[in-house]
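Asker: Okay, so here is upload.pdb, and as you'll see once you scroll down, it has PDB, C-alpha atoms and all ligand atoms.
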```pdb
ATOM      1  CA  MET A 294      47.840  -8.202   9.027  1.00  0.00           C
ATOM      2  CA  THR A 295      48.068 -11.252   6.762  1.00  0.00           C
ATOM      3  CA  THR A 296      49.690 -10.884   3.363  1.00  0.00           C
ATOM      4  CA  SER A 297      49.589 -13.439   0.603  1.00  0.00           C
ATOM      5  CA  ILE A 298      52.103 -13.427  -2.260  1.00  0.00           C
ATOM      6  CA  THR A 299      53.500 -15.707  -4.922  1.00  0.00           C
ATOM      7  CA  SER A 300      57.117 -16.481  -3.998  1.00  0.00           C
ATOM      8  CA  PRO A 301      59.904 -17.893  -6.181  1.00  0.00           C
ATOM      9  CA  SER A 302      59.891 -21.715  -6.160  1.00  0.00           C
ATOM     10  CA  ALA A 303      62.814 -23.906  -5.092  1.00  0.00           C
ATOM     11  CA  ALA A 304      63.550 -24.461  -8.819  1.00  0.00           C
ATOM     12  CA  VAL A 305      63.931 -20.711  -9.327  1.00  0.00           C
ATOM     13  CA  TRP A 306      66.281 -20.467  -6.333  1.00  0.00           C
ATOM     14  CA  ASN A 307      68.269 -23.431  -7.717  1.00  0.00           C
ATOM     15  CA  ALA A 308      68.669 -21.595 -11.030  1.00  0.00           C
ATOM     16  CA  TRP A 309      69.803 -18.429  -9.229  1.00  0.00           C
ATOM     17  CA  GLU A 310      72.350 -20.467  -7.239  1.00  0.00           C
ATOM     18  CA  ALA A 311      73.649 -21.990 -10.512  1.00  0.00           C
ATOM     19  CA  GLU A 312      74.073 -18.441 -11.880  1.00  0.00           C
ATOM     20  CA  GLY A 313      76.254 -17.711  -8.864  1.00  0.00           C
ATOM     21  CA  ARG A 314      73.964 -15.055  -7.407  1.00  0.00           C
ATOM     22  CA  SER A 315      75.054 -13.771  -4.053  1.00  0.00           C
ATOM     23  CA  TYR A 316      73.063 -11.870  -1.475  1.00  0.00           C
ATOM     24  CA  GLN A 317      73.873  -9.191   1.110  1.00  0.00           C
ATOM     25  CA  LEU A 318      77.271 -10.166   2.462  1.00  0.00           C
ATOM     26  CA  ILE A 319      77.759 -10.568   6.189  1.00  0.00           C
ATOM     27  CA  THR A 320      79.716  -7.483   7.258  1.00  0.00           C
ATOM     28  CA  ASP A 321      81.830  -6.938  10.360  1.00  0.00           C
ATOM     29  CA  ARG A 322      79.265  -4.326  11.457  1.00  0.00           C
ATOM     30  CA  GLU A 323      76.438  -6.847  11.183  1.00  0.00           C
ATOM     31  CA  LEU A 324      78.383  -9.327  13.314  1.00  0.00           C
ATOM     32  CA  LEU A 325      79.350  -6.672  15.872  1.00  0.00           C
ATOM     33  CA  LEU A 326      75.713  -5.629  16.315  1.00  0.00           C
ATOM     34  CA  PHE A 327      74.603  -9.267  16.366  1.00  0.00           C
ATOM     35  CA  THR A 328      76.996 -10.081  19.216  1.00  0.00           C
ATOM     36  CA  GLN A 329      75.794  -7.012  21.120  1.00  0.00           C
ATOM     37  CA  HIS A 330      72.155  -8.074  20.875  1.00  0.00           C
ATOM     38  CA  PHE A 331      72.635 -11.823  21.150  1.00  0.00           C
ATOM     39  CA  PRO A 332      74.951 -12.861  23.975  1.00  0.00           C
ATOM     40  CA  ILE A 333      77.032 -15.736  22.661  1.00  0.00           C
ATOM     41  CA  ARG A 334      76.225 -18.991  24.412  1.00  0.00           C
ATOM     42  CA  GLY A 335      78.255 -22.030  23.410  1.00  0.00           C
ATOM     43  CA  GLY A 336      76.236 -25.231  23.105  1.00  0.00           C
ATOM     44  CA  HIS A 337      72.943 -23.488  22.551  1.00  0.00           C
ATOM     45  CA  ILE A 338      70.682 -24.637  19.748  1.00  0.00           C
ATOM     46  CA  ALA A 339      70.131 -22.389  16.725  1.00  0.00           C
ATOM     47  CA  VAL A 340      68.123 -22.822  13.537  1.00  0.00           C
ATOM     48  CA  ASP A 341      69.035 -20.786  10.444  1.00  0.00           C
ATOM     49  CA  VAL A 342      65.928 -20.538   8.291  1.00  0.00           C
ATOM     50  CA  GLY A 343      66.352 -19.953   4.554  1.00  0.00           C
ATOM     51  CA  CYS A 344      70.042 -20.610   5.174  1.00  0.00           C
ATOM     52  CA  GLY A 345      71.063 -20.578   1.501  1.00  0.00           C
ATOM     53  CA  SER A 346      74.640 -21.726   1.079  1.00  0.00           C
ATOM     54  CA  GLY A 347      75.178 -21.514   4.834  1.00  0.00           C
ATOM     55  CA  GLY A 348      77.250 -18.363   5.352  1.00  0.00           C
ATOM     56  CA  PHE A 349      75.441 -17.305   8.517  1.00  0.00           C
ATOM     57  CA  THR A 350      74.959 -20.930   9.599  1.00  0.00           C
ATOM     58  CA  ARG A 351      78.738 -21.347   9.710  1.00  0.00           C
ATOM     59  CA  GLN A 352      79.046 -18.048  11.564  1.00  0.00           C
ATOM     60  CA  LEU A 353      76.643 -19.356  14.221  1.00  0.00           C
ATOM     61  CA  HIS A 354      78.804 -22.477  14.475  1.00  0.00           C
ATOM     62  CA  ARG A 355      81.861 -20.237  15.052  1.00  0.00           C
ATOM     63  CA  PHE A 356      79.941 -18.546  17.862  1.00  0.00           C
ATOM     64  CA  GLY A 357      79.477 -21.963  19.469  1.00  0.00           C
ATOM     65  CA  TYR A 358      75.899 -22.799  18.513  1.00  0.00           C
ATOM     66  CA  ASP A 359      74.735 -26.248  17.511  1.00  0.00           C
ATOM     67  CA  VAL A 360      73.015 -25.274  14.246  1.00  0.00           C
ATOM     68  CA  THR A 361      70.433 -26.629  11.842  1.00  0.00           C
ATOM     69  CA  GLY A 362      70.175 -24.834   8.514  1.00  0.00           C
ATOM     70  CA  ILE A 363      66.858 -25.124   6.693  1.00  0.00           C
ATOM     71  CA  ASP A 364      66.266 -24.337   3.028  1.00  0.00           C
ATOM     72  CA  PHE A 365      64.128 -25.739   0.230  1.00  0.00           C
ATOM     73  CA  ALA A 366      66.685 -25.270  -2.569  1.00  0.00           C
ATOM     74  CA  ASP A 367      68.944 -28.279  -3.183  1.00  0.00           C
ATOM     75  CA  ALA A 368      71.577 -26.204  -4.966  1.00  0.00           C
ATOM     76  CA  ALA A 369      72.019 -23.961  -1.922  1.00  0.00           C
ATOM     77  CA  LEU A 370      72.066 -26.921   0.458  1.00  0.00           C
ATOM     78  CA  ASN A 371      74.633 -28.741  -1.693  1.00  0.00           C
ATOM     79  CA  ALA A 372      76.850 -25.652  -1.537  1.00  0.00           C
ATOM     80  CA  ALA A 373      76.375 -25.429   2.245  1.00  0.00           C
ATOM     81  CA  ARG A 374      77.219 -29.109   2.720  1.00  0.00           C
ATOM     82  CA  ARG A 375      80.538 -28.645   0.938  1.00  0.00           C
ATOM     83  CA  THR A 376      81.824 -27.388   4.307  1.00  0.00           C
ATOM     84  CA  PRO A 377      80.957 -30.187   6.736  1.00  0.00           C
ATOM     85  CA  LEU A 378      81.207 -29.122  10.366  1.00  0.00           C
ATOM     86  CA  SER A 379      80.538 -31.043  13.525  1.00  0.00           C
ATOM     87  CA  GLY A 380      77.405 -29.664  15.165  1.00  0.00           C
ATOM     88  CA  VAL A 381      76.000 -28.318  11.867  1.00  0.00           C
ATOM     89  CA  ARG A 382      73.316 -30.080   9.830  1.00  0.00           C
ATOM     90  CA  TYR A 383      71.067 -29.090   6.976  1.00  0.00           C
ATOM     91  CA  ILE A 384      67.462 -30.006   6.277  1.00  0.00           C
ATOM     92  CA  ARG A 385      65.568 -29.543   3.021  1.00  0.00           C
ATOM     93  CA  HIS A 386      62.157 -28.177   3.837  1.00  0.00           C
ATOM     94  CA  ASP A 387      59.670 -25.712   2.371  1.00  0.00           C
ATOM     95  CA  LEU A 388      58.745 -23.325   5.184  1.00  0.00           C
ATOM     96  CA  ASN A 389      55.471 -22.519   3.481  1.00  0.00           C
ATOM     97  CA  LYS A 390      54.439 -26.136   4.093  1.00  0.00           C
ATOM     98  CA  GLY A 391      54.430 -26.250   7.895  1.00  0.00           C
ATOM     99  CA  ASP A 392      57.135 -27.091  10.402  1.00  0.00           C
ATOM    100  CA  PRO A 393      60.007 -29.488   9.682  1.00  0.00           C
ATOM    101  CA  LEU A 394      59.417 -32.820  11.407  1.00  0.00           C
ATOM    102  CA  ASN A 395      62.695 -33.118  13.249  1.00  0.00           C
ATOM    103  CA  LEU A 396      62.826 -29.791  15.083  1.00  0.00           C
ATOM    104  CA  ARG A 397      62.965 -29.749  18.865  1.00  0.00           C
ATOM    105  CA  MET A 398      59.742 -27.787  19.359  1.00  0.00           C
ATOM    106  CA  HIS A 399      59.784 -25.345  22.308  1.00  0.00           C
ATOM    107  CA  GLY A 400      63.497 -26.160  22.668  1.00  0.00           C
ATOM    108  CA  ILE A 401      65.340 -23.810  20.293  1.00  0.00           C
ATOM    109  CA  ASP A 402      67.428 -21.006  21.767  1.00  0.00           C
ATOM    110  CA  LEU A 403      67.809 -18.901  18.619  1.00  0.00           C
ATOM    111  CA  VAL A 404      66.051 -18.774  15.256  1.00  0.00           C
ATOM    112  CA  VAL A 405      67.759 -16.770  12.506  1.00  0.00           C
ATOM    113  CA  CYS A 406      65.962 -15.680   9.353  1.00  0.00           C
ATOM    114  CA  ARG A 407      68.342 -13.651   7.224  1.00  0.00           C
ATOM    115  CA  LEU A 408      66.965 -12.272   3.944  1.00  0.00           C
ATOM    116  CA  ALA A 409      64.335 -15.010   3.650  1.00  0.00           C
ATOM    117  CA  MET A 410      61.262 -13.655   5.462  1.00  0.00           C
ATOM    118  CA  PRO A 411      59.841 -11.708   2.487  1.00  0.00           C
ATOM    119  CA  PHE A 412      59.666 -14.951   0.512  1.00  0.00           C
ATOM    120  CA  LEU A 413      57.360 -16.666   2.986  1.00  0.00           C
ATOM    121  CA  THR A 414      53.713 -16.533   2.004  1.00  0.00           C
ATOM    122  CA  ASP A 415      52.562 -15.372   5.448  1.00  0.00           C
ATOM    123  CA  PRO A 416      55.487 -13.961   7.477  1.00  0.00           C
ATOM    124  CA  VAL A 417      53.299 -12.743  10.351  1.00  0.00           C
ATOM    125  CA  SER A 418      51.747 -16.170  11.026  1.00  0.00           C
ATOM    126  CA  TRP A 419      55.108 -17.847  10.552  1.00  0.00           C
ATOM    127  CA  ILE A 420      56.985 -15.623  13.031  1.00  0.00           C
ATOM    128  CA  ARG A 421      54.211 -16.131  15.605  1.00  0.00           C
ATOM    129  CA  ARG A 422      54.612 -19.872  15.184  1.00  0.00           C
ATOM    130  CA  VAL A 423      58.358 -19.549  15.757  1.00  0.00           C
ATOM    131  CA  ARG A 424      57.695 -17.499  18.902  1.00  0.00           C
ATOM    132  CA  ASP A 425      55.001 -19.781  20.310  1.00  0.00           C
ATOM    133  CA  SER A 426      56.133 -23.250  19.191  1.00  0.00           C
ATOM    134  CA  TRP A 427      59.750 -23.314  18.068  1.00  0.00           C
ATOM    135  CA  LEU A 428      61.543 -21.249  20.716  1.00  0.00           C
ATOM    136  CA  ARG A 429      62.100 -22.238  24.303  1.00  0.00           C
ATOM    137  CA  PRO A 430      60.729 -19.747  26.851  1.00  0.00           C
ATOM    138  CA  GLY A 431      62.992 -16.701  26.660  1.00  0.00           C
ATOM    139  CA  GLY A 432      64.339 -17.854  23.279  1.00  0.00           C
ATOM    140  CA  ARG A 433      65.442 -15.331  20.689  1.00  0.00           C
ATOM    141  CA  MET A 434      64.959 -14.511  17.050  1.00  0.00           C
ATOM    142  CA  TYR A 435      67.203 -12.585  14.671  1.00  0.00           C
ATOM    143  CA  ALA A 436      65.646 -11.429  11.396  1.00  0.00           C
ATOM    144  CA  VAL A 437      67.274  -9.385   8.645  1.00  0.00           C
ATOM    145  CA  ILE A 438      64.795  -7.933   6.180  1.00  0.00           C
ATOM    146  CA  PRO A 439      65.364  -5.614   3.213  1.00  0.00           C
ATOM    147  CA  VAL A 440      63.098  -2.578   3.566  1.00  0.00           C
ATOM    148  CA  VAL A 441      61.293  -1.400   0.436  1.00  0.00           C
ATOM    149  CA  GLY A 442      58.946   1.479  -0.289  1.00  0.00           C
ATOM    150  CA  ASP A 443      55.177   1.057  -0.468  1.00  0.00           C
ATOM    151  CA  ASP A 444      55.269   1.258  -4.235  1.00  0.00           C
ATOM    152  CA  ILE A 445      57.580  -1.782  -4.601  1.00  0.00           C
ATOM    153  CA  GLY A 446      56.316  -4.388  -2.129  1.00  0.00           C
ATOM    154  CA  ARG A 447      57.420  -7.992  -1.886  1.00  0.00           C
ATOM    155  CA  PRO A 448      59.001 -10.380  -2.883  1.00  0.00           C
ATOM    156  CA  GLY A 449      62.532  -9.566  -1.816  1.00  0.00           C
ATOM    157  CA  GLY A 450      61.691  -6.902   0.718  1.00  0.00           C
ATOM    158  CA  MET A 451      59.004  -5.714   3.090  1.00  0.00           C
ATOM    159  CA  THR A 452      57.466  -2.300   3.595  1.00  0.00           C
ATOM    160  CA  GLU A 453      57.483  -0.585   6.996  1.00  0.00           C
ATOM    161  CA  ARG A 454      53.770  -1.398   7.240  1.00  0.00           C
ATOM    162  CA  GLU A 455      54.502  -5.119   6.699  1.00  0.00           C
ATOM    163  CA  LEU A 456      57.407  -5.072   9.178  1.00  0.00           C
ATOM    164  CA  ALA A 457      55.467  -3.527  12.065  1.00  0.00           C
ATOM    165  CA  PRO A 458      53.382  -6.585  13.081  1.00  0.00           C
ATOM    166  CA  LEU A 459      56.480  -8.836  13.169  1.00  0.00           C
ATOM    167  CA  THR A 460      57.601  -7.220  16.422  1.00  0.00           C
ATOM    168  CA  LEU A 461      54.272  -7.564  18.252  1.00  0.00           C
ATOM    169  CA  GLY A 462      53.808 -10.028  21.110  1.00  0.00           C
ATOM    170  CA  TRP A 463      57.478 -10.441  22.060  1.00  0.00           C
ATOM    171  CA  ALA A 464      58.800  -9.746  25.569  1.00  0.00           C
ATOM    172  CA  GLN A 465      61.511  -7.638  23.979  1.00  0.00           C
ATOM    173  CA  ALA A 466      61.777  -6.285  20.438  1.00  0.00           C
ATOM    174  CA  VAL A 467      64.677  -4.139  19.234  1.00  0.00           C
ATOM    175  CA  ARG A 468      64.944  -2.836  15.685  1.00  0.00           C
ATOM    176  CA  TYR A 469      68.146  -1.462  14.212  1.00  0.00           C
ATOM    177  CA  ASN A 470      69.185  -0.815  10.626  1.00  0.00           C
ATOM    178  CA  LEU A 471      72.122  -1.784   8.461  1.00  0.00           C
ATOM    179  CA  ARG A 472      73.061  -0.180   5.192  1.00  0.00           C
ATOM    180  CA  GLY A 473      70.892  -1.530   2.423  1.00  0.00           C
ATOM    181  CA  PRO A 474      68.541  -0.526   3.935  1.00  0.00           C
ATOM    182  CA  LEU A 475      68.195  -3.669   6.000  1.00  0.00           C
ATOM    183  CA  ALA A 476      66.034  -3.868   9.095  1.00  0.00           C
ATOM    184  CA  CYS A 477      67.465  -6.117  11.823  1.00  0.00           C
ATOM    185  CA  LEU A 478      65.024  -7.409  14.423  1.00  0.00           C
ATOM    186  CA  ALA A 479      66.347  -8.718  17.742  1.00  0.00           C
ATOM    187  CA  LEU A 480      63.388 -10.392  19.445  1.00  0.00           C
ATOM    188  CA  ARG A 481      63.028 -12.289  22.721  1.00  0.00           C
ATOM    189  CA  SER A 482      60.054 -14.405  23.710  1.00  0.00           C
ATOM    190  CA  THR A 483      58.584 -14.341  27.204  1.00  0.00           C
ATOM    191  CA  ALA A 484      60.522 -16.373  29.746  1.00  0.00           C
ATOM    192  CA  THR A 485      57.556 -18.374  31.082  1.00  0.00           C
TER     193      THR A 485
HETATM  194  C1  LIG B   1      68.185 -14.285  -0.271  1.00  0.00           C
HETATM  195  S1  LIG B   1      68.576 -15.938   0.141  1.00  0.00           S
HETATM  196  C2  LIG B   1      69.331 -15.711   1.734  1.00  0.00           C
HETATM  197  C3  LIG B   1      70.258 -16.835   2.101  1.00  0.00           C
HETATM  198  C4  LIG B   1      70.983 -16.676   3.432  1.00  0.00           C
HETATM  199  N1  LIG B   1      70.050 -16.650   4.557  1.00  0.00           N
HETATM  200  C5  LIG B   1      71.849 -15.447   3.465  1.00  0.00           C
HETATM  201  O1  LIG B   1      71.697 -14.627   4.366  1.00  0.00           O
HETATM  202  O2  LIG B   1      72.717 -15.307   2.569  1.00  0.00           O
HETATM  203  C6  LIG B   1      66.965 -16.608   0.612  1.00  0.00           C
HETATM  204  C7  LIG B   1      66.972 -18.100   0.847  1.00  0.00           C
HETATM  205  O3  LIG B   1      65.671 -18.479   1.322  1.00  0.00           O
HETATM  206  C8  LIG B   1      65.330 -19.726   0.747  1.00  0.00           C
HETATM  207  N2  LIG B   1      63.869 -19.843   0.736  1.00  0.00           N
HETATM  208  C9  LIG B   1      62.980 -19.040   0.110  1.00  0.00           C
HETATM  209  N3  LIG B   1      61.730 -19.493   0.297  1.00  0.00           N
HETATM  210  C10 LIG B   1      61.835 -20.599   1.079  1.00  0.00           C
HETATM  211  C11 LIG B   1      60.894 -21.522   1.612  1.00  0.00           C
HETATM  212  N4  LIG B   1      59.583 -21.387   1.373  1.00  0.00           N
HETATM  213  N5  LIG B   1      61.325 -22.546   2.382  1.00  0.00           N
HETATM  214  C12 LIG B   1      62.663 -22.694   2.614  1.00  0.00           C
HETATM  215  N6  LIG B   1      63.608 -21.871   2.111  1.00  0.00           N
HETATM  216  C13 LIG B   1      63.202 -20.825   1.356  1.00  0.00           C
HETATM  217  C14 LIG B   1      65.930 -19.679  -0.673  1.00  0.00           C
HETATM  218  O4  LIG B   1      66.114 -20.953  -1.210  1.00  0.00           O
HETATM  219  C15 LIG B   1      67.244 -18.930  -0.409  1.00  0.00           C
HETATM  220  O5  LIG B   1      68.298 -19.838  -0.161  1.00  0.00           O
END
```
Mind turning the file's structure into structure tokens?

Answerer:
Amino acid sequence: MTTSITSPSAAVWNAWEAEGRSYQLITDRELLLFTQHFPIRGGHIAVDVGCGSGGFTRQLHRFGYDVTGIDFADAALNAARRTPLSGVRYIRHDLNKGDPLNLRMHGIDLVVCRLAMPFLTDPVSWIRRVRDSWLRPGGRMYAVIPVVGDDIGRPGGMTERELAPLTLGWAQAVRYNLRGPLACLALRSTAT
């Protein structure tokens, strides 16, 4: 299923950042479940898509990943860059406008998309592109998506009907929930 929506622009996200808006905090339970589903591998390459001010990007760094955070909002990236870390870099890029130029295609071990998927104009096509062109064989994806009822719809969340196709075509797809309600998808692409 392909869905088309109008998403907030980078300017809108910049204004929200200036207001000091914060999003679902990273809880100990989220990290515990993440480590259970994603074996920690130091030196592996991760990309944190829609990274915002870099909270989860820095967490990936703590786990030992070499991380690239991607976002299209300068205000969020400026906040993220206030904590410089070796092995962490940030790229400004609008994910609705194709792939960033400097990604190692077919070479990424883990792609994270936390609370950003509902803002993409076509999440199903985008996640397929991640699976088929961004990840190395056997690479993984972690997505956290607010679940909303049919009557609300996007942006900001996805309905169960919109979530279902995101898990198709992966060698392994596990769904678990966090309070919110937030759907967490732990996906693995085929190894060959
Ligand atoms: C709700 S925030 C989540 C930030 C962070 N991932 C977290 O978990 O706190 C969503 C982020 O996605 C970014 N975003 C939304 N649409 C985007 C797009 N088309 N391209 C790149 N980033 C986008 C926004 O700028 C914002 O920083």

Asker: Would you work out the distance separating atom CA of Asp402 of chain A from atom CA of Arg429 of chain A, expressed in Å to one decimal?

Answerer: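 Going from atom CA of Asp402 of chain A over to atom CA of Arg429 of chain A, I get 6.0 Å.
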
Asker: Between atom C8 of ligand LIG 1 (chain B) and atom CA of Trp306 of chain A, what is the distance, to one decimal in Å?

Answerer: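 Computing the Euclidean distance for atom C8 of ligand LIG 1 (chain B) and atom CA of Trp306 of chain A yields 7.2 Å.
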
Asker: Considering only C-alpha atoms and all ligand atoms, tabulate each residue of chain A that lies at most 8 Å from ligand LIG 1 (chain B) along with its nearest interatomic pair and the corresponding distance in Å to one decimal; arrange the rows by chain and ascending residue number and present them as CSV.

Answerer:
```
residue,atom,partner,partner_atom,distance
A:Ser300,CA,B:LIG1,N3,7.0
A:Pro301,CA,B:LIG1,N3,6.9
A:Ser302,CA,B:LIG1,N3,7.1
A:Ala303,CA,B:LIG1,O4,5.9
A:Trp306,CA,B:LIG1,O4,5.1
A:Asn307,CA,B:LIG1,O4,7.3
A:Ser315,CA,B:LIG1,O2,7.2
A:Tyr316,CA,B:LIG1,O2,5.3
A:Gln317,CA,B:LIG1,O2,6.4
A:Leu318,CA,B:LIG1,O2,6.9
A:Ile319,CA,B:LIG1,O1,7.5
A:Asp341,CA,B:LIG1,N1,7.3
A:Val342,CA,B:LIG1,N6,6.7
A:Gly343,CA,B:LIG1,O3,3.6
A:Cys344,CA,B:LIG1,N1,4.0
A:Gly345,CA,B:LIG1,O5,3.3
A:Ser346,CA,B:LIG1,C3,6.6
A:Gly347,CA,B:LIG1,C4,6.6
A:Gly348,CA,B:LIG1,O2,6.1
A:Phe349,CA,B:LIG1,O1,6.2
A:Ile363,CA,B:LIG1,C12,6.3
A:Asp364,CA,B:LIG1,N6,3.7
A:Phe365,CA,B:LIG1,C12,4.1
A:Ala366,CA,B:LIG1,O4,4.6
A:Ala369,CA,B:LIG1,O5,5.8
A:Arg385,CA,B:LIG1,C12,7.5
A:His386,CA,B:LIG1,C12,5.6
A:Asp387,CA,B:LIG1,N5,3.6
A:Leu388,CA,B:LIG1,N5,3.9
A:Asn389,CA,B:LIG1,N4,4.8
A:Lys390,CA,B:LIG1,N4,7.5
A:Cys406,CA,B:LIG1,N1,6.4
A:Arg407,CA,B:LIG1,N1,4.4
A:Leu408,CA,B:LIG1,C2,4.7
A:Ala409,CA,B:LIG1,C6,4.3
A:Met410,CA,B:LIG1,O3,7.7
A:Phe412,CA,B:LIG1,N3,5.0
A:Leu413,CA,B:LIG1,N4,5.5
A:Thr414,CA,B:LIG1,N4,7.6
A:Gly449,CA,B:LIG1,C1,7.5
```

Asker: Which is closer to Ile420 of chain A than all the others in A:Val360, A:Ala476, A:Leu396, A:Met434, using only C-alpha atoms?

Answerer: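 Among the listed residues, the smallest separation from Ile420 of chain A belongs to A:Met434.
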
Asker: Please evaluate the PyMOL selection byres (((chain A and resi 351) around 12) and not hetatm) against the displayed coordinates and give the resulting residues as a ChimeraX atom specification.

Answerer: /A:319,339-341,344-350,352-362,373-383

Asker: Tell me, in Å to one decimal, how far atom CA of Thr452 of chain A is from atom CA of Pro411 of chain A.

Answerer: 9.8 Å

Asker: Enumerate, as a VMD selection string, the residues matched when the PyMOL selection byres (((chain A and resi 453) around 10) and not hetatm) is run on the file above.

Answerer: chain A and resid 440 to 443 446 450 to 452 454 to 458 476

Asker: Could you write out as JSON the box around segment 454-458 of chain A (axis-aligned, all atoms listed in the file, 5 Å on each side), with centre and edge lengths in Å to one decimal?

Answerer:
```
{"center_x": 55.4, "center_y": -4.0, "center_z": 9.9, "size_x": 14.0, "size_y": 15.2, "size_z": 16.4}
```

Asker: So which residues get picked by the PyMOL selection byres (((chain A and resi 472) around 10) and not hetatm) here, written as a list in words?

Answerer: Gln317, Arg322, Glu323, Pro439, Asn470, Leu471, Gly473, Pro474, Leu475 and Ala476 of chain A

Asker: What's the 7 Å shell around Gly432 of chain A, counting only C-alpha atoms, without same-chain residues fewer than 5 positions away, as a list in words?

Answerer: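 Once the adjacent positions are removed, what remains is Ile401, Asp402, Leu403, Arg481 and Ser482 of chain A.
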
Asker: Every residue with an atom at most 9 Å from (65.3, -12.7, 18.0) (file coordinates; all atoms listed in the file) is what I'm after, so could you write them as a list in words?

Answerer: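 So the residues meeting the distance criterion are His330, Phe331, Leu403, Val404, Val405, Gly432, Arg433, Met434, Tyr435, Ala436, Gln465, Ala466, Val467, Leu478, Ala479, Leu480, Arg481 and Ser482 of chain A.
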
Asker: Write out as a compact mmCIF listing (two decimals) with C-alpha atoms, keeping the file's coordinate frame each polymer residue whose atoms come within 10 Å of Arg397 of chain A, counting all atoms listed in the file; drop sequence neighbours fewer than 5 positions from it.

Answerer:
```txt
# COMPACT_ATOMS: atom_id res chain seq x y z
CA ILE A 338 70.68 -24.64 19.75
CA SER A 426 56.13 -23.25 19.19
CA TRP A 427 59.75 -23.31 18.07
CA LEU A 428 61.54 -21.25 20.72
CA ARG A 429 62.10 -22.24 24.30
```
